[in-house]
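J.: This one is entry25.txt, compact mmCIF, C-alpha atoms.
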```txt
# COMPACT_ATOMS: atom_id res chain seq x y z
CA MET V 283 -1.33 7.17 20.98
CA ASN V 284 -3.92 7.98 18.37
CA VAL V 285 -3.10 5.73 15.42
CA THR V 286 -6.20 6.78 13.47
CA GLN V 287 -5.19 10.45 13.53
CA ALA V 288 -1.57 9.62 12.70
CA GLU V 289 -2.76 7.49 9.77
CA ARG V 290 -5.03 10.22 8.43
CA PHE V 291 -2.21 12.75 8.73
CA ILE V 292 0.52 10.74 6.98
CA LEU V 293 -1.70 9.39 4.19
CA GLY V 294 -2.86 12.93 3.43
CA LEU V 295 0.73 14.16 3.42
CA LEU V 296 1.90 11.32 1.16
CA ALA V 297 -0.96 11.92 -1.28
CA GLN V 298 0.05 15.59 -1.56
CA GLN V 299 3.83 15.48 -1.40
CA LEU V 300 5.18 12.22 -2.85
CA PRO V 301 6.82 12.86 -6.23
CA GLN V 302 4.66 11.79 -9.17
CA HIS V 303 7.29 9.52 -10.72
CA LEU V 304 7.47 7.14 -7.77
CA PHE V 305 5.89 4.37 -9.82
CA TYR V 306 6.81 1.72 -7.23
CA HIS V 307 7.21 3.65 -3.95
CA GLY V 308 3.92 5.52 -4.27
CA LEU V 309 1.01 5.70 -1.85
CA HIS V 310 -0.23 2.33 -3.18
CA HIS V 311 2.97 0.68 -1.91
CA THR V 312 2.53 2.11 1.59
CA LEU V 313 -1.04 0.80 1.74
CA ASP V 314 0.13 -2.59 0.47
CA VAL V 315 2.81 -2.78 3.17
CA VAL V 316 0.26 -1.88 5.87
CA ASN V 317 -1.96 -4.74 4.69
CA ALA V 318 0.95 -7.17 4.48
CA ALA V 319 2.19 -6.18 7.94
CA ASN V 320 -1.27 -6.72 9.43
CA TRP V 321 -1.51 -10.14 7.78
CA LEU V 322 1.98 -11.19 8.87
CA ALA V 323 1.43 -9.99 12.44
CA LYS V 324 -1.75 -12.05 12.69
CA GLU V 325 -0.06 -15.13 11.22
CA GLU V 326 2.95 -14.64 13.51
CA GLY V 327 0.69 -14.57 16.57
CA ILE V 328 1.21 -10.93 17.58
CA LYS V 329 -1.66 -10.13 19.94
CA ASP V 330 -0.29 -7.24 21.99
CA GLU V 331 -2.34 -4.18 21.02
CA GLU V 332 0.48 -1.68 21.47
CA ALA V 333 2.85 -3.78 19.35
CA LEU V 334 0.25 -3.98 16.57
CA GLU V 335 -0.30 -0.22 16.68
CA LEU V 336 3.45 0.49 16.58
CA LEU V 337 3.85 -1.89 13.64
CA LYS V 338 0.99 -0.26 11.73
CA THR V 339 2.43 3.20 12.38
CA ALA V 340 5.88 2.09 11.18
CA ALA V 341 4.32 0.64 8.02
CA LEU V 342 2.48 3.91 7.38
CA PHE V 343 5.62 6.02 7.86
CA HIS V 344 8.25 3.64 6.47
CA ASP V 345 8.60 5.34 3.07
CA CYS V 346 7.49 8.88 3.90
CA GLY V 347 11.12 10.01 3.56
CA PHE V 348 10.66 9.77 -0.21
CA MET V 349 8.87 13.11 0.06
CA TYR V 350 12.32 14.65 0.61
CA THR V 351 14.99 12.29 -0.71
CA TYR V 352 15.44 9.01 -2.56
CA LEU V 353 18.74 7.94 -1.03
CA ASN V 354 18.64 7.39 2.74
CA HIS V 355 14.88 7.94 2.73
CA GLU V 356 14.65 5.76 5.86
CA GLU V 357 16.48 8.38 7.93
CA ALA V 358 14.34 11.14 6.46
CA GLY V 359 11.27 9.09 7.35
CA CYS V 360 12.46 8.73 10.93
CA GLU V 361 12.87 12.50 11.13
CA VAL V 362 9.26 12.94 10.00
CA ALA V 363 8.10 10.38 12.58
CA GLU V 364 10.10 12.03 15.36
CA GLN V 365 8.66 15.44 14.51
CA CYS V 366 5.04 14.44 13.95
CA LEU V 367 4.20 11.49 16.20
CA PRO V 368 4.43 13.31 19.56
CA THR V 369 1.45 15.36 18.33
CA PHE V 370 -0.56 12.14 18.23
CA GLY V 371 0.42 11.02 21.73
CA TYR V 372 3.37 8.73 20.93
CA SER V 373 6.08 8.55 23.60
CA PRO V 374 9.82 8.84 22.82
CA GLU V 375 10.18 5.11 23.53
CA GLN V 376 7.37 4.23 21.12
CA ILE V 377 8.84 6.47 18.42
CA ALA V 378 12.26 4.83 18.90
CA LYS V 379 10.68 1.42 18.26
CA ILE V 380 8.93 2.75 15.15
CA CYS V 381 12.17 4.23 13.83
CA GLY V 382 13.93 0.92 14.52
CA MET V 383 11.40 -0.78 12.25
CA ILE V 384 11.74 1.88 9.55
CA ARG V 385 15.55 1.67 9.58
CA ALA V 386 15.42 -2.14 9.43
CA THR V 387 13.80 -1.97 5.98
CA LYS V 388 16.92 -0.41 4.47
CA VAL V 389 18.47 -2.86 2.01
CA PRO V 390 20.32 -5.00 2.95
CA GLN V 391 17.74 -5.52 5.67
CA GLN V 392 19.01 -5.98 9.22
CA PRO V 393 16.06 -6.46 11.60
CA GLN V 394 16.89 -6.81 15.29
CA ASN V 395 13.56 -8.05 16.67
CA HIS V 396 10.30 -9.73 15.67
CA LEU V 397 8.39 -6.54 14.76
CA GLU V 398 11.29 -5.37 12.61
CA GLU V 399 11.33 -8.75 10.88
CA ILE V 400 7.62 -8.47 10.16
CA LEU V 401 7.93 -5.00 8.61
CA CYS V 402 10.93 -6.10 6.52
CA ASP V 403 8.95 -9.03 5.15
CA ALA V 404 5.87 -6.88 4.58
CA ASP V 405 7.95 -4.35 2.64
CA LEU V 406 9.07 -7.02 0.16
CA ASP V 407 6.01 -9.24 0.36
CA TYR V 408 5.44 -8.87 -3.40
CA LEU V 409 8.57 -10.91 -4.18
CA GLY V 410 6.62 -14.07 -3.35
CA ARG V 411 3.17 -13.08 -4.58
CA PRO V 412 1.22 -13.21 -7.82
CA GLY V 413 1.81 -10.00 -9.74
CA PHE V 414 5.56 -10.00 -9.16
CA GLU V 415 6.33 -9.18 -12.81
CA SER V 416 4.06 -6.16 -13.10
CA ILE V 417 5.11 -4.78 -9.71
CA SER V 418 8.81 -5.25 -10.42
CA GLU V 419 8.35 -3.44 -13.74
CA THR V 420 7.06 -0.38 -11.85
CA LEU V 421 10.31 -0.44 -9.87
CA HIS V 422 12.26 -0.70 -13.12
CA GLN V 423 10.45 2.33 -14.54
CA GLU V 424 11.02 4.26 -11.30
CA LEU V 425 14.75 3.54 -11.28
CA LEU V 426 14.97 4.69 -14.91
CA ALA V 427 13.02 7.86 -14.15
CA TRP V 428 15.29 8.69 -11.20
CA HIS V 429 18.42 7.85 -13.24
CA PHE V 430 19.52 5.03 -10.95
CA MET V 431 19.52 2.79 -14.03
CA LYS V 432 20.19 3.28 -17.73
CA PRO V 433 17.94 1.83 -20.44
CA GLU V 434 20.75 -0.44 -21.59
CA ASP V 435 21.29 -1.94 -18.12
CA ASN V 436 20.30 -5.58 -17.68
CA TRP V 437 17.16 -5.45 -15.53
CA THR V 438 16.71 -9.22 -15.52
CA GLN V 439 20.19 -9.74 -14.06
CA LYS V 440 19.61 -7.04 -11.45
CA GLN V 441 16.44 -8.82 -10.34
CA ILE V 442 18.26 -12.16 -10.20
CA ASP V 443 20.99 -10.63 -8.03
CA PHE V 444 18.44 -9.05 -5.69
CA LEU V 445 16.36 -12.20 -5.29
CA GLN V 446 19.46 -14.29 -4.61
CA GLU V 447 20.65 -11.88 -1.91
CA HIS V 448 17.24 -11.39 -0.29
CA HIS V 449 15.77 -13.69 2.32
CA TYR V 450 12.61 -13.60 4.36
CA TRP V 451 12.77 -13.44 8.16
CA THR V 452 9.45 -14.61 9.55
CA GLN V 453 8.26 -18.21 9.57
CA THR V 454 5.09 -17.11 7.78
CA ALA V 455 6.91 -15.49 4.88
CA LEU V 456 9.36 -18.39 4.63
CA ALA V 457 6.45 -20.81 4.38
CA GLN V 458 4.03 -18.76 2.27
CA ARG V 459 6.19 -16.44 0.14
CA GLN V 460 9.59 -18.10 -0.25
CA PRO V 461 8.43 -20.92 -2.60
CA ALA V 462 6.89 -18.49 -5.10
CA LYS V 463 9.92 -16.20 -4.81
CA GLN V 464 12.19 -19.13 -5.69
CA GLU V 465 9.98 -19.89 -8.69
CA GLN V 466 10.29 -16.28 -9.85
CA LEU V 467 14.06 -16.54 -9.49
CA HIS V 468 14.10 -19.75 -11.52
CA LEU V 469 12.05 -18.12 -14.29
CA LEU V 470 14.32 -15.07 -14.39
CA ILE V 471 17.44 -17.25 -14.60
CA GLN V 472 15.85 -19.16 -17.50
CA GLN V 473 14.93 -15.88 -19.18
CA GLN V 474 18.45 -14.54 -18.75
CA SER V 475 20.10 -17.68 -20.10
CA THR V 476 17.79 -17.64 -23.14
CA SER V 477 18.52 -13.99 -23.89
CA THR V 478 22.29 -14.53 -23.74
CA GLU V 479 22.35 -17.57 -26.01
CA PRO V 480 24.19 -16.94 -29.28
```
Reformat the file's structure so that it appears as structure tokens.
T.:
Amino acid sequence: MNVTQAERFILGLLAQQLPQHLFYHGLHHTLDVVNAANWLAKEEGIKDEEALELLKTAALFHDCGFMYTYLNHEEAGCEVAEQCLPTFGYSPEQIAKICGMIRATKVPQQPQNHLEEILCDADLDYLGRPGFESISETLHQELLAWHFMKPEDNWTQKQIDFLQEHHYWTQTALAQRQPAKQEQLHLLIQQQSTSTEP
């Protein structure tokens, strides 16, 4: 499989075809997830070259379905992968593994193996990183733009609910992202309680 050609292809396609008002799920998010997946794989001790290449490919393709649909974009992304990746020398078995990783990122996440766990944690790596507030605000603006939220909806409470339901899967993310995520949750709960005081 030629990962370099597949990467060049999908990044070019995303740059051209992703809707402009994907303030969170834009090309920058895909690149961030690729970097996070690479970091997590290294920390998790993944050394198998094919596994690393499959993981990188899944990270590159994981949100390409947004070119066509917002809801169920994971399935649309798998269709893109199934159509395009044979051109770059990927076997049906390899593509099935990639699609397994893409589907695992659907919230609520349900990874079935280590690579799927890594991609899930990479996809939401920002929850336990500096910059959480500014990144989460881009998601807020995106949801407003796509009419999945109304301006009067309580964004702080929605974030609290999401952080309480979410959990990391890999030992690396649990050790290096979970503490900061819990701190963000604590701050949001404080903020919410302050805003609801009479």
J.: Pick out the residues sitting within 12 Å of V:His311, and hand them over as a CSV table (one decimal) with C-alpha atoms, in the frame of the given file; count only C-alpha atoms, and ignore anything fewer than 5 positions along from it in its own chain.
T.:
```
chain,number,residue,atom,x,y,z
V,293,LEU,CA,-1.7,9.4,4.2
V,296,LEU,CA,1.9,11.3,1.2
V,297,ALA,CA,-1.0,11.9,-1.3
V,300,LEU,CA,5.2,12.2,-2.8
V,304,LEU,CA,7.5,7.1,-7.8
V,305,PHE,CA,5.9,4.4,-9.8
V,306,TYR,CA,6.8,1.7,-7.2
V,316,VAL,CA,0.3,-1.9,5.9
V,317,ASN,CA,-2.0,-4.7,4.7
V,318,ALA,CA,1.0,-7.2,4.5
V,341,ALA,CA,4.3,0.6,8.0
V,342,LEU,CA,2.5,3.9,7.4
V,343,PHE,CA,5.6,6.0,7.9
V,344,HIS,CA,8.2,3.6,6.5
V,345,ASP,CA,8.6,5.3,3.1
V,346,CYS,CA,7.5,8.9,3.9
V,404,ALA,CA,5.9,-6.9,4.6
V,405,ASP,CA,8.0,-4.4,2.6
V,406,LEU,CA,9.1,-7.0,0.2
V,407,ASP,CA,6.0,-9.2,0.4
V,408,TYR,CA,5.4,-8.9,-3.4
V,417,ILE,CA,5.1,-4.8,-9.7
V,418,SER,CA,8.8,-5.2,-10.4
V,420,THR,CA,7.1,-0.4,-11.8
V,421,LEU,CA,10.3,-0.4,-9.9
```
J.: Enter the distance from atom CA of V:Ala319 to atom CA of V:Leu401, in Å, rounded to one decimal.
T.: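 Answer for the atom CA of V:Ala319 to atom CA of V:Leu401 separation: 5.9 Å.
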J.: Report, in Å to a single decimal, how far apart atom CA of V:Gln460 and atom CA of V:Gly410 are.
T.: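 These atoms are spaced 5.9 Å apart.
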J.: Measuring atom to atom with only C-alpha atoms, identify which of V:Ser475, V:Thr438, V:Thr454, V:Glu332 is nearest to V:His422.
T.: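 Counting only C-alpha atoms, the residue closest to V:His422 is V:Thr438.
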J.: Please report the interatomic distance between atom CA of V:Glu419 and atom CA of V:Pro433 in Å with one decimal.
T.: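 A separation of 12.8 Å between them.
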J.: When distances are computed from all atoms listed in the file, which of V:Ala358, V:Leu425, V:Leu470, V:Leu336 shows the smallest separation from V:His307?
T.: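 The closest residue to V:His307 is V:Leu425.
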J.: Which neighbours of V:His303 fall inside 7 Å, counting all atoms listed in the file, when residues of the same chain fewer than 2 positions from it are skipped, and could you give them as a list in words?
T.: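 Selected residues are Pro301, Phe305, Glu424 and Ala427 of chain V.
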J.: For V:Ile400, which of V:Leu467, V:Ala333, V:Met431, V:Cys366 is the closest residue, counting all atoms listed in the file?
T.: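 Closest candidate: V:Ala333.
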J.: Using the file's own x, y and z axes, so that the box edges lie along x, y and z, what centre and edge lengths in Å (one decimal) does a box around every listed atom of stretch 322-326 of chain V get when 8 Å is added on each side? Give it as lines of an AutoDock Vina configuration file.
T.:
```
center_x = 0.6
center_y = -12.6
center_z = 11.2
size_x = 20.7
size_y = 21.1
size_z = 20.6
```
J.: Between V:Pro461, V:Gly347, V:Gly382, V:Pro390, which is the closest to V:Arg411 once you count all atoms listed in the file?
T.: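 The shortest atom-to-atom distance to V:Arg411 comes from V:Pro461.
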J.: Identify, on the basis of only C-alpha atoms, every residue whose closest approach to V:Pro412 does not exceed 10 Å; exclude the query and any residue fewer than 5 positions from it along the same chain; express the result as a compact mmCIF listing (two decimals) with C-alpha atoms, in the frame of the given file.
T.:
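Written file, part16.txt:
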```
# COMPACT_ATOMS: atom_id res chain seq x y z
CA ILE V 417 5.11 -4.78 -9.71
CA ARG V 459 6.19 -16.44 0.14
CA ALA V 462 6.89 -18.49 -5.10
CA LYS V 463 9.92 -16.20 -4.81
CA GLN V 466 10.29 -16.28 -9.85
```
J.: Could you check which of V:Pro393, V:Phe414, V:Met349, V:Asp435 is closest to V:Gln298, using only C-alpha atoms?
T.: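 Looking only at the distances to V:Gln298, the closest residue turns out to be V:Met349.
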J.: Rank nothing, just name the residue among V:Asn284, V:Gln474, V:Ser416, V:Gln394 nearest to V:Trp437, using only C-alpha atoms.
T.: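 Of all the options, V:Gln474 lies closest to V:Trp437.
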J.: Residues near V:Glu357, anyone? I mean within 9 Å using all atoms listed in the file, not counting same-chain ones fewer than 6 positions away, as a PyMOL selection string.
T.: chain V and resi 347+381+384-385
J.: Would you list the residues near (17.7, -7.1, 4.8) (no more than 10 Å away, in the coordinates of the file, using only C-alpha atoms) as an mmCIF file with C-alpha atoms, keeping the file's coordinate frame?
T.:
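Wrote it out as point-v7.cif, contents follow:
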```cif
data_model
loop_
_atom_site.group_PDB
_atom_site.id
_atom_site.type_symbol
_atom_site.label_atom_id
_atom_site.label_comp_id
_atom_site.auth_asym_id
_atom_site.auth_seq_id
_atom_site.Cartn_x
_atom_site.Cartn_y
_atom_site.Cartn_z
ATOM 1 C CA ALA V 386 15.420 -2.140 9.430
ATOM 2 C CA THR V 387 13.800 -1.970 5.980
ATOM 3 C CA LYS V 388 16.920 -0.410 4.470
ATOM 4 C CA VAL V 389 18.470 -2.860 2.010
ATOM 5 C CA PRO V 390 20.320 -5.000 2.950
ATOM 6 C CA GLN V 391 17.740 -5.520 5.670
ATOM 7 C CA GLN V 392 19.010 -5.980 9.220
ATOM 8 C CA PRO V 393 16.060 -6.460 11.600
ATOM 9 C CA GLU V 399 11.330 -8.750 10.880
ATOM 10 C CA CYS V 402 10.930 -6.100 6.520
ATOM 11 C CA ASP V 403 8.950 -9.030 5.150
ATOM 12 C CA LEU V 406 9.070 -7.020 0.160
ATOM 13 C CA GLU V 447 20.650 -11.880 -1.910
ATOM 14 C CA HIS V 448 17.240 -11.390 -0.290
ATOM 15 C CA HIS V 449 15.770 -13.690 2.320
ATOM 16 C CA TYR V 450 12.610 -13.600 4.360
ATOM 17 C CA TRP V 451 12.770 -13.440 8.160
#
```
J.: Neighbourhood query: residues within 12 Å of (-3.7, 10.3, 14.2), file coordinates, counting all atoms listed in the file; return as a PyMOL selection string.
T.: chain V and resi 283-294+335+338-339+342+363+366-372
J.: Using the atoms already present, construct all heavy atoms for stretch 401-412 of chain V and hand them back as a PDB file, keeping the file's coordinate frame.
T.:
```
ATOM      1  N   LEU V 401       7.995  -6.128   9.546  1.00  0.00           N
ATOM      2  CA  LEU V 401       7.930  -5.000   8.610  1.00  0.00           C
ATOM      3  C   LEU V 401       8.850  -5.225   7.415  1.00  0.00           C
ATOM      4  O   LEU V 401       8.487  -4.896   6.278  1.00  0.00           O
ATOM      5  CB  LEU V 401       8.274  -3.686   9.310  1.00  0.00           C
ATOM      6  CG  LEU V 401       8.046  -2.451   8.429  1.00  0.00           C
ATOM      7  CD1 LEU V 401       6.594  -2.340   7.973  1.00  0.00           C
ATOM      8  CD2 LEU V 401       8.472  -1.170   9.140  1.00  0.00           C
ATOM      9  N   CYS V 402      10.026  -5.789   7.643  1.00  0.00           N
ATOM     10  CA  CYS V 402      10.930  -6.100   6.520  1.00  0.00           C
ATOM     11  C   CYS V 402      10.252  -7.040   5.523  1.00  0.00           C
ATOM     12  O   CYS V 402      10.312  -6.827   4.306  1.00  0.00           O
ATOM     13  CB  CYS V 402      12.219  -6.715   7.039  1.00  0.00           C
ATOM     14  SG  CYS V 402      13.362  -5.538   7.780  1.00  0.00           S
ATOM     15  N   ASP V 403       9.618  -8.073   6.042  1.00  0.00           N
ATOM     16  CA  ASP V 403       8.950  -9.030   5.150  1.00  0.00           C
ATOM     17  C   ASP V 403       7.734  -8.418   4.471  1.00  0.00           C
ATOM     18  O   ASP V 403       7.448  -8.709   3.305  1.00  0.00           O
ATOM     19  CB  ASP V 403       8.552 -10.287   5.927  1.00  0.00           C
ATOM     20  CG  ASP V 403       9.744 -11.187   6.227  1.00  0.00           C
ATOM     21  OD1 ASP V 403      10.862 -10.900   5.738  1.00  0.00           O
ATOM     22  OD2 ASP V 403       9.565 -12.195   6.953  1.00  0.00           O
ATOM     23  N   ALA V 404       7.020  -7.557   5.175  1.00  0.00           N
ATOM     24  CA  ALA V 404       5.870  -6.880   4.580  1.00  0.00           C
ATOM     25  C   ALA V 404       6.308  -5.960   3.440  1.00  0.00           C
ATOM     26  O   ALA V 404       5.650  -5.865   2.398  1.00  0.00           O
ATOM     27  CB  ALA V 404       5.121  -6.084   5.644  1.00  0.00           C
ATOM     28  N   ASP V 405       7.447  -5.298   3.625  1.00  0.00           N
ATOM     29  CA  ASP V 405       7.950  -4.350   2.640  1.00  0.00           C
ATOM     30  C   ASP V 405       8.267  -5.035   1.309  1.00  0.00           C
ATOM     31  O   ASP V 405       8.110  -4.439   0.240  1.00  0.00           O
ATOM     32  CB  ASP V 405       9.191  -3.647   3.198  1.00  0.00           C
ATOM     33  CG  ASP V 405       9.576  -2.407   2.413  1.00  0.00           C
ATOM     34  OD1 ASP V 405       8.711  -1.836   1.719  1.00  0.00           O
ATOM     35  OD2 ASP V 405      10.749  -1.998   2.501  1.00  0.00           O
ATOM     36  N   LEU V 406       8.716  -6.281   1.377  1.00  0.00           N
ATOM     37  CA  LEU V 406       9.070  -7.020   0.160  1.00  0.00           C
ATOM     38  C   LEU V 406       8.186  -8.245  -0.028  1.00  0.00           C
ATOM     39  O   LEU V 406       8.585  -9.231  -0.651  1.00  0.00           O
ATOM     40  CB  LEU V 406      10.558  -7.412   0.210  1.00  0.00           C
ATOM     41  CG  LEU V 406      11.517  -6.210   0.133  1.00  0.00           C
ATOM     42  CD1 LEU V 406      12.952  -6.641   0.370  1.00  0.00           C
ATOM     43  CD2 LEU V 406      11.387  -5.503  -1.208  1.00  0.00           C
ATOM     44  N   ASP V 407       6.982  -8.151   0.475  1.00  0.00           N
ATOM     45  CA  ASP V 407       6.010  -9.240   0.360  1.00  0.00           C
ATOM     46  C   ASP V 407       5.751  -9.624  -1.098  1.00  0.00           C
ATOM     47  O   ASP V 407       5.572 -10.789  -1.427  1.00  0.00           O
ATOM     48  CB  ASP V 407       4.703  -8.818   1.039  1.00  0.00           C
ATOM     49  CG  ASP V 407       3.690  -9.943   1.155  1.00  0.00           C
ATOM     50  OD1 ASP V 407       4.020 -10.969   1.777  1.00  0.00           O
ATOM     51  OD2 ASP V 407       2.575  -9.795   0.623  1.00  0.00           O
ATOM     52  N   TYR V 408       5.772  -8.627  -1.986  1.00  0.00           N
ATOM     53  CA  TYR V 408       5.440  -8.870  -3.400  1.00  0.00           C
ATOM     54  C   TYR V 408       6.394  -9.838  -4.090  1.00  0.00           C
ATOM     55  O   TYR V 408       6.045 -10.447  -5.111  1.00  0.00           O
ATOM     56  CB  TYR V 408       5.390  -7.541  -4.169  1.00  0.00           C
ATOM     57  CG  TYR V 408       6.734  -7.076  -4.692  1.00  0.00           C
ATOM     58  CD1 TYR V 408       7.109  -7.334  -6.009  1.00  0.00           C
ATOM     59  CD2 TYR V 408       7.631  -6.388  -3.881  1.00  0.00           C
ATOM     60  CE1 TYR V 408       8.339  -6.921  -6.496  1.00  0.00           C
ATOM     61  CE2 TYR V 408       8.856  -5.966  -4.353  1.00  0.00           C
ATOM     62  CZ  TYR V 408       9.210  -6.227  -5.672  1.00  0.00           C
ATOM     63  OH  TYR V 408      10.430  -5.822  -6.148  1.00  0.00           O
ATOM     64  N   LEU V 409       7.593 -10.011  -3.544  1.00  0.00           N
ATOM     65  CA  LEU V 409       8.570 -10.910  -4.180  1.00  0.00           C
ATOM     66  C   LEU V 409       8.048 -12.339  -4.261  1.00  0.00           C
ATOM     67  O   LEU V 409       8.473 -13.099  -5.136  1.00  0.00           O
ATOM     68  CB  LEU V 409       9.893 -10.901  -3.407  1.00  0.00           C
ATOM     69  CG  LEU V 409      10.670  -9.584  -3.340  1.00  0.00           C
ATOM     70  CD1 LEU V 409      11.932  -9.761  -2.515  1.00  0.00           C
ATOM     71  CD2 LEU V 409      10.993  -9.057  -4.737  1.00  0.00           C
ATOM     72  N   GLY V 410       7.144 -12.705  -3.360  1.00  0.00           N
ATOM     73  CA  GLY V 410       6.620 -14.070  -3.350  1.00  0.00           C
ATOM     74  C   GLY V 410       5.126 -14.137  -3.581  1.00  0.00           C
ATOM     75  O   GLY V 410       4.466 -15.056  -3.103  1.00  0.00           O
ATOM     76  N   ARG V 411       4.605 -13.152  -4.322  1.00  0.00           N
ATOM     77  CA  ARG V 411       3.170 -13.080  -4.580  1.00  0.00           C
ATOM     78  C   ARG V 411       2.868 -13.073  -6.055  1.00  0.00           C
ATOM     79  O   ARG V 411       3.726 -12.696  -6.859  1.00  0.00           O
ATOM     80  CB  ARG V 411       2.609 -11.755  -3.998  1.00  0.00           C
ATOM     81  CG  ARG V 411       2.250 -11.795  -2.567  1.00  0.00           C
ATOM     82  CD  ARG V 411       1.409 -10.605  -2.117  1.00  0.00           C
ATOM     83  NE  ARG V 411       1.412  -9.415  -2.930  1.00  0.00           N
ATOM     84  CZ  ARG V 411       1.560  -8.179  -2.447  1.00  0.00           C
ATOM     85  NH1 ARG V 411       1.743  -7.981  -1.164  1.00  0.00           N
ATOM     86  NH2 ARG V 411       1.513  -7.132  -3.241  1.00  0.00           N
ATOM     87  N   PRO V 412       1.647 -13.442  -6.441  1.00  0.00           N
ATOM     88  CA  PRO V 412       1.220 -13.210  -7.820  1.00  0.00           C
ATOM     89  C   PRO V 412       1.321 -11.710  -8.141  1.00  0.00           C
ATOM     90  O   PRO V 412       1.105 -10.872  -7.266  1.00  0.00           O
ATOM     91  CB  PRO V 412      -0.237 -13.669  -7.832  1.00  0.00           C
ATOM     92  CG  PRO V 412      -0.356 -14.609  -6.677  1.00  0.00           C
ATOM     93  CD  PRO V 412       0.602 -14.121  -5.637  1.00  0.00           C
TER      94      PRO V 412
END
```
